[in-house]
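Next comes query33.txt, with compact mmCIF, C-alpha atoms and all ligand atoms.
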# COMPACT_ATOMS: atom_id res chain seq x y z
CA MET Z 1 108.24 79.01 113.68
CA ILE Z 2 104.84 77.73 112.65
CA THR Z 3 102.08 79.03 114.84
CA ALA Z 4 98.93 77.05 115.34
CA THR Z 5 96.22 79.10 113.75
CA ILE Z 6 92.54 78.75 113.06
CA SER Z 7 91.05 80.16 109.91
CA LEU Z 8 87.84 82.04 110.60
CA ASN Z 9 86.89 83.67 107.37
CA LYS Z 10 88.17 83.25 103.85
CA ASP Z 11 88.12 84.88 100.44
CA THR Z 12 89.82 83.97 97.18
CA LEU Z 13 90.78 86.47 94.53
CA ASN Z 14 92.29 86.08 91.11
CA VAL Z 15 94.71 88.80 90.17
CA LEU Z 16 95.52 88.94 86.52
CA ARG Z 17 95.69 92.60 85.67
CA GLU Z 18 97.07 95.75 87.20
CA GLN Z 19 93.53 97.02 87.89
CA ASP Z 20 92.94 94.06 90.19
CA VAL Z 21 95.60 95.40 92.55
CA VAL Z 22 93.45 98.26 93.83
CA VAL Z 23 90.49 95.93 94.39
CA PHE Z 24 92.72 93.49 96.23
CA ARG Z 25 94.26 96.17 98.43
CA ASN Z 26 90.81 97.44 99.36
CA ARG Z 27 89.71 93.94 100.29
CA VAL Z 28 92.74 93.48 102.54
CA LYS Z 29 91.94 96.80 104.14
CA GLU Z 30 88.35 95.73 104.86
CA TYR Z 31 89.59 92.57 106.50
CA ALA Z 32 92.15 94.41 108.58
CA VAL Z 33 89.57 96.93 109.75
CA LYS Z 34 87.18 94.12 110.65
CA ILE Z 35 89.66 92.62 113.11
CA LYS Z 36 90.49 96.09 114.47
CA MET Z 37 94.06 96.11 113.32
CA GLY Z 38 95.79 99.38 114.16
CA LEU Z 39 96.55 101.86 111.41
CA VAL Z 40 100.31 101.33 111.37
CA ASN Z 41 99.96 97.56 111.15
CA GLN Z 42 97.29 97.95 108.48
CA THR Z 43 99.60 100.13 106.47
CA LYS Z 44 102.44 97.66 106.82
CA LEU Z 45 100.23 94.75 105.82
CA ILE Z 46 98.76 96.46 102.77
CA THR Z 47 102.16 97.68 101.66
CA ALA Z 48 103.58 94.16 101.99
CA ALA Z 49 100.57 92.76 100.11
CA SER Z 50 101.07 95.34 97.43
CA GLU Z 51 104.69 94.30 96.92
CA LEU Z 52 103.78 90.64 96.62
CA VAL Z 53 100.90 91.18 94.25
CA ARG Z 54 103.12 93.32 92.05
CA ASN Z 55 105.76 90.60 91.94
CA MET Z 56 103.10 88.08 91.06
CA LEU Z 57 101.88 90.18 88.16
CA ARG Z 58 105.32 91.13 86.97
CA TYR Z 59 107.16 87.85 87.18
CA ALA Z 60 104.38 85.28 86.95
CA ASN Z 61 101.62 87.04 84.97
CA GLY Z 62 99.31 86.93 87.95
CA GLY Z 63 97.92 84.29 90.19
CA GLN Z 64 95.58 83.64 93.05
CA ILE Z 65 95.39 85.17 96.50
CA ILE Z 66 93.64 83.80 99.56
CA ILE Z 67 92.71 86.29 102.26
CA GLU Z 68 91.91 84.82 105.67
CA VAL Z 69 91.22 85.94 109.17
CA VAL Z 70 93.23 83.68 111.47
CA SER Z 71 93.39 83.50 115.21
CA ARG Z 72 96.04 82.54 117.69
CA GLY Z 73 94.90 82.59 121.25
CA ARG Z 74 93.34 85.98 121.73
CA ASP Z 75 95.00 87.66 118.85
CA ASN Z 76 93.48 87.81 115.40
CA GLY Z 77 95.44 88.31 112.27
CA ILE Z 78 95.26 88.37 108.51
CA ARG Z 79 96.89 85.64 106.50
CA LEU Z 80 97.52 86.19 102.82
CA THR Z 81 98.58 83.40 100.51
CA PHE Z 82 99.91 84.27 97.06
CA LYS Z 83 99.99 81.40 94.60
CA ASP Z 84 101.29 81.62 91.08
CA GLU Z 85 102.30 79.25 88.34
CA GLY Z 86 105.13 81.40 87.09
CA PRO Z 87 108.79 80.57 86.51
CA GLY Z 88 109.59 80.09 90.21
CA ILE Z 89 112.59 81.51 92.05
CA PRO Z 90 115.83 79.55 91.63
CA ASP Z 91 117.63 81.02 94.64
CA ILE Z 92 115.26 82.14 97.38
CA LYS Z 93 118.02 83.33 99.68
CA LEU Z 94 119.31 85.61 96.97
CA ALA Z 95 115.82 86.87 96.14
CA LEU Z 96 115.41 87.80 99.79
CA THR Z 97 118.52 89.96 99.74
CA ASP Z 98 118.05 93.71 99.74
CA GLY Z 99 118.89 95.10 96.34
CA TYR Z 100 118.65 91.85 94.39
CA SER Z 101 116.42 92.17 91.34
CA THR Z 102 116.13 90.46 88.00
CA GLY Z 103 113.67 93.13 86.96
CA LYS Z 104 116.08 96.10 87.03
CA SER Z 105 114.22 97.39 90.05
CA LEU Z 106 115.19 98.22 93.62
CA GLY Z 107 114.98 94.64 94.83
CA LEU Z 108 113.17 95.69 97.96
CA GLY Z 109 109.88 93.88 97.57
CA LEU Z 110 110.65 90.52 99.15
CA PRO Z 111 113.10 91.54 101.90
CA GLY Z 112 110.98 94.60 102.71
CA THR Z 113 107.82 92.49 102.91
CA LYS Z 114 109.52 90.10 105.27
CA ARG Z 115 110.34 92.99 107.58
CA LEU Z 116 106.81 94.37 107.45
CA VAL Z 117 104.96 91.24 108.54
CA ASN Z 118 105.06 88.85 111.50
CA GLU Z 119 105.31 85.63 109.58
CA PHE Z 120 106.68 85.04 106.14
CA ASP Z 121 106.92 81.75 104.32
CA ILE Z 122 108.07 81.19 100.77
CA LYS Z 123 108.08 78.06 98.66
CA SER Z 124 109.12 78.09 95.09
CA GLU Z 125 109.93 75.55 92.46
CA VAL Z 126 111.54 76.45 89.17
CA GLY Z 127 109.16 75.84 86.31
CA LYS Z 128 106.22 75.25 88.66
CA GLY Z 129 105.55 78.43 90.55
CA THR Z 130 105.77 80.29 93.79
CA ARG Z 131 103.70 80.34 96.94
CA ILE Z 132 104.20 83.00 99.56
CA THR Z 133 102.28 83.18 102.82
CA ILE Z 134 102.35 86.11 105.21
CA ILE Z 135 100.61 86.81 108.49
CA LYS Z 136 100.16 90.12 110.23
CA TRP Z 137 98.68 89.99 113.72
CA ALA Z 138 96.35 92.75 114.73
CA ASN Z 139 98.51 93.43 117.76
CA GLY Z 140 101.72 92.03 116.38
CA MET Y 141 90.67 108.61 81.32
CA ASP Y 142 91.63 109.78 84.78
CA LYS Y 143 94.41 112.23 85.19
CA ILE Y 144 95.99 113.88 88.19
CA PRO Y 145 95.77 117.64 87.82
CA ILE Y 146 98.93 119.70 88.07
CA LEU Y 147 98.43 123.18 89.42
CA ARG Y 148 100.78 126.00 88.60
CA MET Y 149 101.58 128.38 91.45
CA GLY Y 150 104.13 130.97 90.40
CA GLN Y 151 107.42 129.17 89.92
CA PHE Y 152 106.10 126.00 91.51
CA LEU Y 153 103.91 123.12 90.45
CA LEU Y 154 101.51 121.57 92.93
CA VAL Y 155 100.18 118.06 92.64
CA THR Y 156 97.67 116.74 95.13
CA ILE Y 157 97.29 113.00 95.04
CA GLN Y 158 93.78 112.18 96.24
CA VAL Y 159 93.49 108.55 95.35
CA ASP Y 160 95.71 105.56 95.79
CA LEU Y 161 97.49 105.63 92.49
CA TYR Y 162 97.32 102.73 90.17
CA ASP Y 163 100.31 102.24 87.95
CA ARG Y 164 99.10 103.87 84.75
CA LEU Y 165 98.07 107.01 86.61
CA ALA Y 166 101.40 107.20 88.40
CA LEU Y 167 103.42 106.77 85.24
CA ASP Y 168 101.34 109.41 83.46
CA LEU Y 169 101.89 111.79 86.33
CA GLU Y 170 105.64 111.27 86.15
CA ALA Y 171 105.65 112.03 82.41
CA ASP Y 172 103.26 114.99 82.73
CA LEU Y 173 105.29 116.59 85.49
CA VAL Y 174 108.54 116.35 83.61
CA LYS Y 175 106.91 117.85 80.52
CA MET Y 176 105.37 120.61 82.56
CA VAL Y 177 108.62 121.50 84.30
CA SER Y 178 110.45 121.82 81.04
CA LYS Y 179 107.62 123.80 79.45
CA THR Y 180 107.08 126.26 82.29
CA GLY Y 181 110.59 126.42 83.69
CA ALA Y 182 109.15 125.76 87.13
CA ARG Y 183 111.76 125.66 89.88
CA GLY Y 184 109.97 123.38 92.27
CA ILE Y 185 107.42 120.57 92.53
CA LEU Y 186 105.23 119.98 95.55
CA ILE Y 187 103.64 116.58 95.76
CA ASP Y 188 100.96 116.47 98.43
CA ILE Y 189 100.46 112.86 99.52
CA SER Y 190 98.48 113.57 102.69
CA ALA Y 191 95.54 111.58 101.28
CA VAL Y 192 97.68 108.62 100.27
CA SER Y 193 97.52 105.67 102.63
CA ILE Y 194 99.91 103.29 100.86
CA VAL Y 195 103.29 103.98 99.32
CA ASP Y 196 104.87 100.77 98.08
CA SER Y 197 108.18 100.38 96.28
CA PHE Y 198 106.52 101.15 92.95
CA MET Y 199 105.05 104.43 94.15
CA GLY Y 200 108.28 105.21 95.93
CA ARG Y 201 110.20 104.69 92.74
CA ILE Y 202 107.87 107.00 90.84
CA ILE Y 203 108.35 109.72 93.44
CA GLY Y 204 112.10 109.16 93.38
CA ASN Y 205 112.14 109.37 89.58
CA ILE Y 206 110.23 112.62 89.64
CA GLY Y 207 112.85 113.96 92.06
CA VAL Y 208 115.78 112.89 89.92
CA MET Y 209 114.29 114.12 86.67
CA SER Y 210 113.20 117.44 88.07
CA LYS Y 211 116.73 117.95 89.34
CA LEU Y 212 118.07 117.47 85.85
CA LEU Y 213 115.71 120.25 84.80
CA ASP Y 214 116.90 122.46 87.65
CA ALA Y 215 113.85 122.03 89.85
CA GLU Y 216 113.54 120.55 93.34
CA THR Y 217 110.86 118.15 94.50
CA VAL Y 218 109.25 118.23 97.92
CA VAL Y 219 106.89 115.54 99.14
CA VAL Y 220 104.47 116.96 101.67
CA GLY Y 221 102.05 115.56 104.20
CA MET Y 222 103.24 111.98 104.39
CA GLN Y 223 101.07 110.15 106.93
CA PRO Y 224 103.04 108.88 109.94
CA ALA Y 225 102.01 105.27 109.29
CA VAL Y 226 103.29 105.59 105.74
CA ALA Y 227 106.59 107.05 106.92
CA ILE Y 228 107.09 104.22 109.43
CA THR Y 229 106.28 101.64 106.79
CA LEU Y 230 108.67 103.15 104.26
CA VAL Y 231 111.54 102.96 106.73
CA GLU Y 232 110.88 99.30 107.42
CA LEU Y 233 110.45 98.53 103.76
CA GLY Y 234 113.87 100.07 103.30
CA LEU Y 235 112.84 102.54 100.66
CA PRO Y 236 115.12 105.51 100.40
CA LEU Y 237 113.25 108.44 98.93
CA LYS Y 238 116.42 109.72 97.31
CA GLY Y 239 116.51 113.09 95.68
CA VAL Y 240 113.33 114.39 97.25
CA TYR Y 241 112.80 116.58 100.26
CA THR Y 242 109.93 116.12 102.66
CA ALA Y 243 107.86 118.63 104.58
CA LEU Y 244 104.93 118.41 106.94
CA ASN Y 245 102.47 120.40 104.85
CA VAL Y 246 102.15 122.42 101.67
CA GLU Y 247 102.98 125.69 103.38
CA LYS Y 248 106.19 124.35 104.91
CA GLY Y 249 107.06 122.65 101.65
CA MET Y 250 106.67 125.94 99.85
CA ASP Y 251 108.99 127.65 102.33
CA LEU Y 252 111.53 124.90 101.85
CA LEU Y 253 111.43 125.32 98.08
CA LYS Y 254 111.77 129.08 98.32
CA ASN Y 255 114.83 128.66 100.52
CA LYS Y 256 116.37 126.12 98.19
CA ILE Y 257 115.94 128.34 95.20
CA GLN Y 258 117.35 131.34 96.98
CA LEU Y 259 120.38 129.34 98.05
CA ASP Y 260 120.87 128.17 94.50
CA GLU Y 261 120.81 131.69 93.19
CA GLU Y 262 123.29 132.91 95.77
CA GLU Y 263 125.59 130.06 94.87
CA GLU Y 264 125.37 130.94 91.23
CA ILE Y 265 126.59 134.48 91.80
CA GLY Y 266 129.22 133.30 94.28
CA PRO Y 267 132.84 132.70 93.24
CA ASP Y 268 132.51 128.95 93.42
CA ASP Y 269 129.55 128.17 91.27
CA ASP Y 270 130.39 124.57 90.58
CA ASN Y 271 127.33 122.84 91.93
CA SER Y 272 127.58 119.86 89.62
CA ASN Y 273 128.16 117.69 92.67
CA ASP Y 274 124.47 118.12 93.47
CA LEU Y 275 123.75 115.48 90.89
CA THR Y 276 126.22 112.89 91.98
CA GLU Y 277 125.06 112.29 95.52
N1 LIG K 301 106.28 85.52 92.09
C1 LIG K 301 107.54 85.47 91.59
N2 LIG K 301 107.84 84.60 90.60
C2 LIG K 301 109.09 84.53 90.09
N3 LIG K 301 110.12 85.32 90.51
C3 LIG K 301 109.87 86.21 91.49
C4 LIG K 301 108.58 86.34 92.08
N4 LIG K 301 108.66 87.28 93.03
C5 LIG K 301 109.93 87.72 93.03
N5 LIG K 301 110.67 87.07 92.11
C6 LIG K 301 112.13 87.25 91.87
O1 LIG K 301 112.73 87.74 93.05
C7 LIG K 301 113.42 88.96 92.79
C8 LIG K 301 113.34 89.86 93.98
O2 LIG K 301 112.00 90.34 94.18
P1 LIG K 301 111.76 91.71 94.92
O3 LIG K 301 110.32 91.99 94.96
O4 LIG K 301 112.52 91.65 96.19
O5 LIG K 301 112.49 92.76 93.98
P2 LIG K 301 112.01 93.40 92.58
O6 LIG K 301 110.59 93.05 92.30
O7 LIG K 301 113.00 92.97 91.56
O8 LIG K 301 112.17 94.94 92.87
P3 LIG K 301 111.12 95.90 93.69
O9 LIG K 301 110.14 95.01 94.36
O10 LIG K 301 111.97 96.63 94.67
O11 LIG K 301 110.51 96.76 92.66
C9 LIG K 301 112.77 89.51 91.54
O12 LIG K 301 113.64 90.36 90.82
C10 LIG K 301 112.44 88.23 90.78
O13 LIG K 301 113.57 87.75 90.09
MG MG K 302 109.10 93.38 93.72

Would you kindly transcribe this structure into structure tokens?
Amino acid sequence: MITATISLNKDTLNVLREQDVVVFRNRVKEYAVKIKMGLVNQTKLITAASELVRNMLRYANGGQIIIEVVSRGRDNGIRLTFKDEGPGIPDIKLALTDGYSTGKSLGLGLPGTKRLVNEFDIKSEVGKGTRITIIKWANG
Amino acid sequence: MDKIPILRMGQFLLVTIQVDLYDRLALDLEADLVKMVSKTGARGILIDISAVSIVDSFMGRIIGNIGVMSKLLDAETVVVGMQPAVAITLVELGLPLKGVYTALNVEKGMDLLKNKIQLDEEEEIGPDDDNSNDLTE
């Protein structure tokens, strides 16, 4: 379901190296605190963000992230958009399956992220790149 | 460069993670701990993560690896002080912290380790000392 949202505040970050991850996580934290997101939701959001930024670095050599405060009625939330120009994901359904990994890892990142956030949208085109958008509502 | 200090306390090693680990630091810690266990013959590792606010699948894997490797060297790993929000998140993420025990704080973790080691020793003197199945679970 697509929720009508208004973007209130926006920030763009390029993530190209591992060191950028900590900076990015801190920025997400600042945003979440600003909209008074509870600690558990903050933790879920930052963990989800961390998974996605790691994937971006690992499989697509980095990319760009947009951090936004969005609002829906009375509730505010954080929307994160991860854009990369990597190899893309040939089978999204498979990639969203627990335990599926082409990187000899646990294969938890994408399915776990989906569980941790309120809204999850993924678009990917082989040879072009991947774009993943997540939203966590402050009271969601 | 930064390094996470490993403290020796009798037969145990104590690691207190104060910062959110970036990957290099975490990988170094994993290597250092394994080296230290084999050098000192330590029987247990306590990893205090009470100051850690985010454990993602990468961090979780590092902790799991430390658990598995320490087991191969006959030591147990206990993760102590996990924040409730982190615990909730890990469950939803679906991350099984296999091979490690958890305890509320360092003191309780220490007790747990002492018990484990005692049990091990009793088993070793017992008639059935085949505890190789410990590794296959
Ligand atoms: N940005 C991306 N670009 C291209 N492929 C990706 C991207 N993100 C994920 N993938 C693919 O989707 C698979 C599943 O990703 P997921 O994060 O769920 O697991 P993982 O990264 O392999 O393991 P884990 O996250 O548990 O360490 C990856 O193995 C990879 O093949
Ligand atoms: Mg991943």

Distance criterion (all atoms listed in the file): nearest to chain Z out of Y:Leu253, Y:Ile228, Y:Leu259, Y:Val155: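 For chain Z, the nearest of the given residues is Y:Ile228.
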
As a quick test: using all atoms listed in the file, which residues lie no more than 7 Å away from ligand LIG 301 (chain K)? Give them as a short mmCIF file (atom, residue, chain, number, x, y, z; two decimals) with C-alpha atoms, keeping the file's coordinate frame.
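Just written: part-v7.cif:
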data_model
loop_
_atom_site.label_atom_id
_atom_site.label_comp_id
_atom_site.auth_asym_id
_atom_site.auth_seq_id
_atom_site.Cartn_x
_atom_site.Cartn_y
_atom_site.Cartn_z
CA GLU Z 51 104.69 94.30 96.92
CA LEU Z 52 103.78 90.64 96.62
CA ASN Z 55 105.76 90.60 91.94
CA MET Z 56 103.10 88.08 91.06
CA TYR Z 59 107.16 87.85 87.18
CA ALA Z 60 104.38 85.28 86.95
CA ASP Z 84 101.29 81.62 91.08
CA GLY Z 86 105.13 81.40 87.09
CA PRO Z 87 108.79 80.57 86.51
CA GLY Z 88 109.59 80.09 90.21
CA ILE Z 89 112.59 81.51 92.05
CA ALA Z 95 115.82 86.87 96.14
CA LEU Z 96 115.41 87.80 99.79
CA ASP Z 98 118.05 93.71 99.74
CA TYR Z 100 118.65 91.85 94.39
CA SER Z 101 116.42 92.17 91.34
CA THR Z 102 116.13 90.46 88.00
CA GLY Z 103 113.67 93.13 86.96
CA LYS Z 104 116.08 96.10 87.03
CA SER Z 105 114.22 97.39 90.05
CA LEU Z 106 115.19 98.22 93.62
CA GLY Z 107 114.98 94.64 94.83
CA LEU Z 108 113.17 95.69 97.96
CA GLY Z 109 109.88 93.88 97.57
CA LEU Z 110 110.65 90.52 99.15
CA PRO Z 111 113.10 91.54 101.90
CA GLY Z 129 105.55 78.43 90.55
CA THR Z 130 105.77 80.29 93.79
CA SER Y 197 108.18 100.38 96.28
CA PHE Y 198 106.52 101.15 92.95
#

Counting only C-alpha atoms, which residues have an atom no more than 8 Å from (103.6, 100.5, 96.7) in the file's coordinates? Please list them as a PyMOL selection string. (chain Z and resi 47+50-51) or (chain Y and resi 194-200)

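Coordinates place CA of Ile134 (chain Z) at a distance of 29.5 Å from CA of Gly221 (chain Y).
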
Which residues, written as a PyMOL selection string, have at least one atom at most 12 Å from Gln42 (chain Z), with all atoms listed in the file counted and residues fewer than 5 positions away on the same chain left out? (chain Z and resi 25-37+47-50+77-78+116-117+135-140) or (chain Y and resi 193-194+225-226+228-229)

Applying 10 Å and only C-alpha atoms, which residues near Gly62 (chain Z) remain after dropping the ones on its own chain fewer than 3 positions away? List them as a ChimeraX atom specification. /Z:14-18,20,53-59,65,82-86

What are the residues of chain Z lining chain Y at 6 Å or less? Count only C-alpha atoms, and put the answer as a list of chain:residue names.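 Residues satisfying the distance criterion: Z:Val40, Z:Lys44, Z:Thr47, Z:Gly112.
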
Please identify all polymer residues within 8 Å of Asp11 (chain Z), counting only C-alpha atoms, omitting same-chain residues fewer than 6 positions from it, and present them as a VMD selection string. chain Z and resid 66 to 68

Restricting the calculation to all atoms listed in the file, which member of Z:Lys114, Z:Leu39, Z:Gln64, Z:Thr81 is positioned closest to Thr97 (chain Z)?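 Ranked by minimum distance to Thr97 (chain Z), first place goes to Z:Lys114.
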
Local residues around (99.4, 112.0, 89.5), at most 8 Å away, using all atoms listed in the file, as number ranges by chain: Y: 143-146, 155-157, 161, 165-170

Could those residues be written to a file, using C-alpha atoms, as a PDB file, in the coordinates of the input?
ATOM      1  CA  LYS Y 143      94.410 112.230  85.190  1.00  0.00           C
ATOM      2  CA  ILE Y 144      95.990 113.880  88.190  1.00  0.00           C
ATOM      3  CA  PRO Y 145      95.770 117.640  87.820  1.00  0.00           C
ATOM      4  CA  ILE Y 146      98.930 119.700  88.070  1.00  0.00           C
ATOM      5  CA  VAL Y 155     100.180 118.060  92.640  1.00  0.00           C
ATOM      6  CA  THR Y 156      97.670 116.740  95.130  1.00  0.00           C
ATOM      7  CA  ILE Y 157      97.290 113.000  95.040  1.00  0.00           C
ATOM      8  CA  LEU Y 161      97.490 105.630  92.490  1.00  0.00           C
ATOM      9  CA  LEU Y 165      98.070 107.010  86.610  1.00  0.00           C
ATOM     10  CA  ALA Y 166     101.400 107.200  88.400  1.00  0.00           C
ATOM     11  CA  LEU Y 167     103.420 106.770  85.240  1.00  0.00           C
ATOM     12  CA  ASP Y 168     101.340 109.410  83.460  1.00  0.00           C
ATOM     13  CA  LEU Y 169     101.890 111.790  86.330  1.00  0.00           C
ATOM     14  CA  GLU Y 170     105.640 111.270  86.150  1.00  0.00           C
TER      15      GLU Y 170
END

In Å, how far is it from CA of Gln158 (chain Y) to CA of Val23 (chain Z)?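 Separating CA of Gln158 (chain Y) from CA of Val23 (chain Z) is a distance of 16.7 Å.
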
Kindly give the distance, in Å, that separates CA of Thr180 (chain Y) and CA of Met222 (chain Y), rounded to a single decimal.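 We find that CA of Thr180 (chain Y) and CA of Met222 (chain Y) lie 26.6 Å from each other.
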
Residue nearest Val246 (chain Y) - candidates Y:Asp172, Y:Glu261, Y:Asp188, Y:Glu216, atoms counted: all atoms listed in the file: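 Using all atoms listed in the file, the shortest distance to Val246 (chain Y) belongs to Y:Asp188.
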
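Nearest-residue note for Leu186 (chain Y): choosing from Y:Val240, Y:Gly150, Y:Val220, Y:Lys254, the minimum distance belongs to Y:Val220, counting all atoms listed in the file.
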
Which is closer to ligand MG 302 (chain K) than all the others in Z:Val22, Z:Val70, Z:Thr113, Z:Asn118, using only C-alpha atoms and all ligand atoms?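 Of Z:Val22, Z:Val70, Z:Thr113, Z:Asn118, the one nearest ligand MG 302 (chain K), counting only C-alpha atoms and all ligand atoms, is Z:Thr113.
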
Pick from Z:Gly99, Z:Leu8, Z:Asp75, Z:Leu45, whichever lies nearest to ligand MG 302 (chain K) using all atoms listed in the file: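 Ranking Z:Gly99, Z:Leu8, Z:Asp75, Z:Leu45 by distance to ligand MG 302 (chain K), first place goes to Z:Gly99.
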
When you get a chance, write out N, CA and C atoms for region 151-162 of chain Y, as a PDB file, in the frame of the given file.
ATOM      1  N   GLN Y 151     106.342 129.995  90.493  1.00  0.00           N
ATOM      2  CA  GLN Y 151     107.420 129.170  89.920  1.00  0.00           C
ATOM      3  C   GLN Y 151     107.345 127.705  90.374  1.00  0.00           C
ATOM      4  N   PHE Y 152     106.234 127.377  91.033  1.00  0.00           N
ATOM      5  CA  PHE Y 152     106.100 126.000  91.510  1.00  0.00           C
ATOM      6  C   PHE Y 152     104.929 125.269  90.857  1.00  0.00           C
ATOM      7  N   LEU Y 153     105.019 123.954  90.898  1.00  0.00           N
ATOM      8  CA  LEU Y 153     103.910 123.120  90.450  1.00  0.00           C
ATOM      9  C   LEU Y 153     103.403 122.335  91.658  1.00  0.00           C
ATOM     10  N   LEU Y 154     102.095 122.294  91.804  1.00  0.00           N
ATOM     11  CA  LEU Y 154     101.510 121.570  92.930  1.00  0.00           C
ATOM     12  C   LEU Y 154     100.656 120.409  92.438  1.00  0.00           C
ATOM     13  N   VAL Y 155     100.953 119.258  92.985  1.00  0.00           N
ATOM     14  CA  VAL Y 155     100.180 118.060  92.640  1.00  0.00           C
ATOM     15  C   VAL Y 155      99.589 117.508  93.926  1.00  0.00           C
ATOM     16  N   THR Y 156      98.290 117.332  93.952  1.00  0.00           N
ATOM     17  CA  THR Y 156      97.670 116.740  95.130  1.00  0.00           C
ATOM     18  C   THR Y 156      97.159 115.367  94.738  1.00  0.00           C
ATOM     19  N   ILE Y 157      97.708 114.357  95.377  1.00  0.00           N
ATOM     20  CA  ILE Y 157      97.290 113.000  95.040  1.00  0.00           C
ATOM     21  C   ILE Y 157      96.164 112.606  95.993  1.00  0.00           C
ATOM     22  N   GLN Y 158      94.982 112.421  95.423  1.00  0.00           N
ATOM     23  CA  GLN Y 158      93.780 112.180  96.240  1.00  0.00           C
ATOM     24  C   GLN Y 158      93.414 110.708  96.330  1.00  0.00           C
ATOM     25  N   VAL Y 159      93.881 109.960  95.370  1.00  0.00           N
ATOM     26  CA  VAL Y 159      93.490 108.550  95.350  1.00  0.00           C
ATOM     27  C   VAL Y 159      94.745 107.702  95.466  1.00  0.00           C
ATOM     28  N   ASP Y 160      94.582 106.465  95.842  1.00  0.00           N
ATOM     29  CA  ASP Y 160      95.710 105.560  95.790  1.00  0.00           C
ATOM     30  C   ASP Y 160      95.990 105.306  94.311  1.00  0.00           C
ATOM     31  N   LEU Y 161      97.161 105.683  93.902  1.00  0.00           N
ATOM     32  CA  LEU Y 161      97.490 105.630  92.490  1.00  0.00           C
ATOM     33  C   LEU Y 161      97.588 104.212  91.969  1.00  0.00           C
ATOM     34  N   TYR Y 162      96.989 103.979  90.839  1.00  0.00           N
ATOM     35  CA  TYR Y 162      97.320 102.730  90.170  1.00  0.00           C
ATOM     36  C   TYR Y 162      98.404 103.064  89.158  1.00  0.00           C
TER      37      TYR Y 162
END
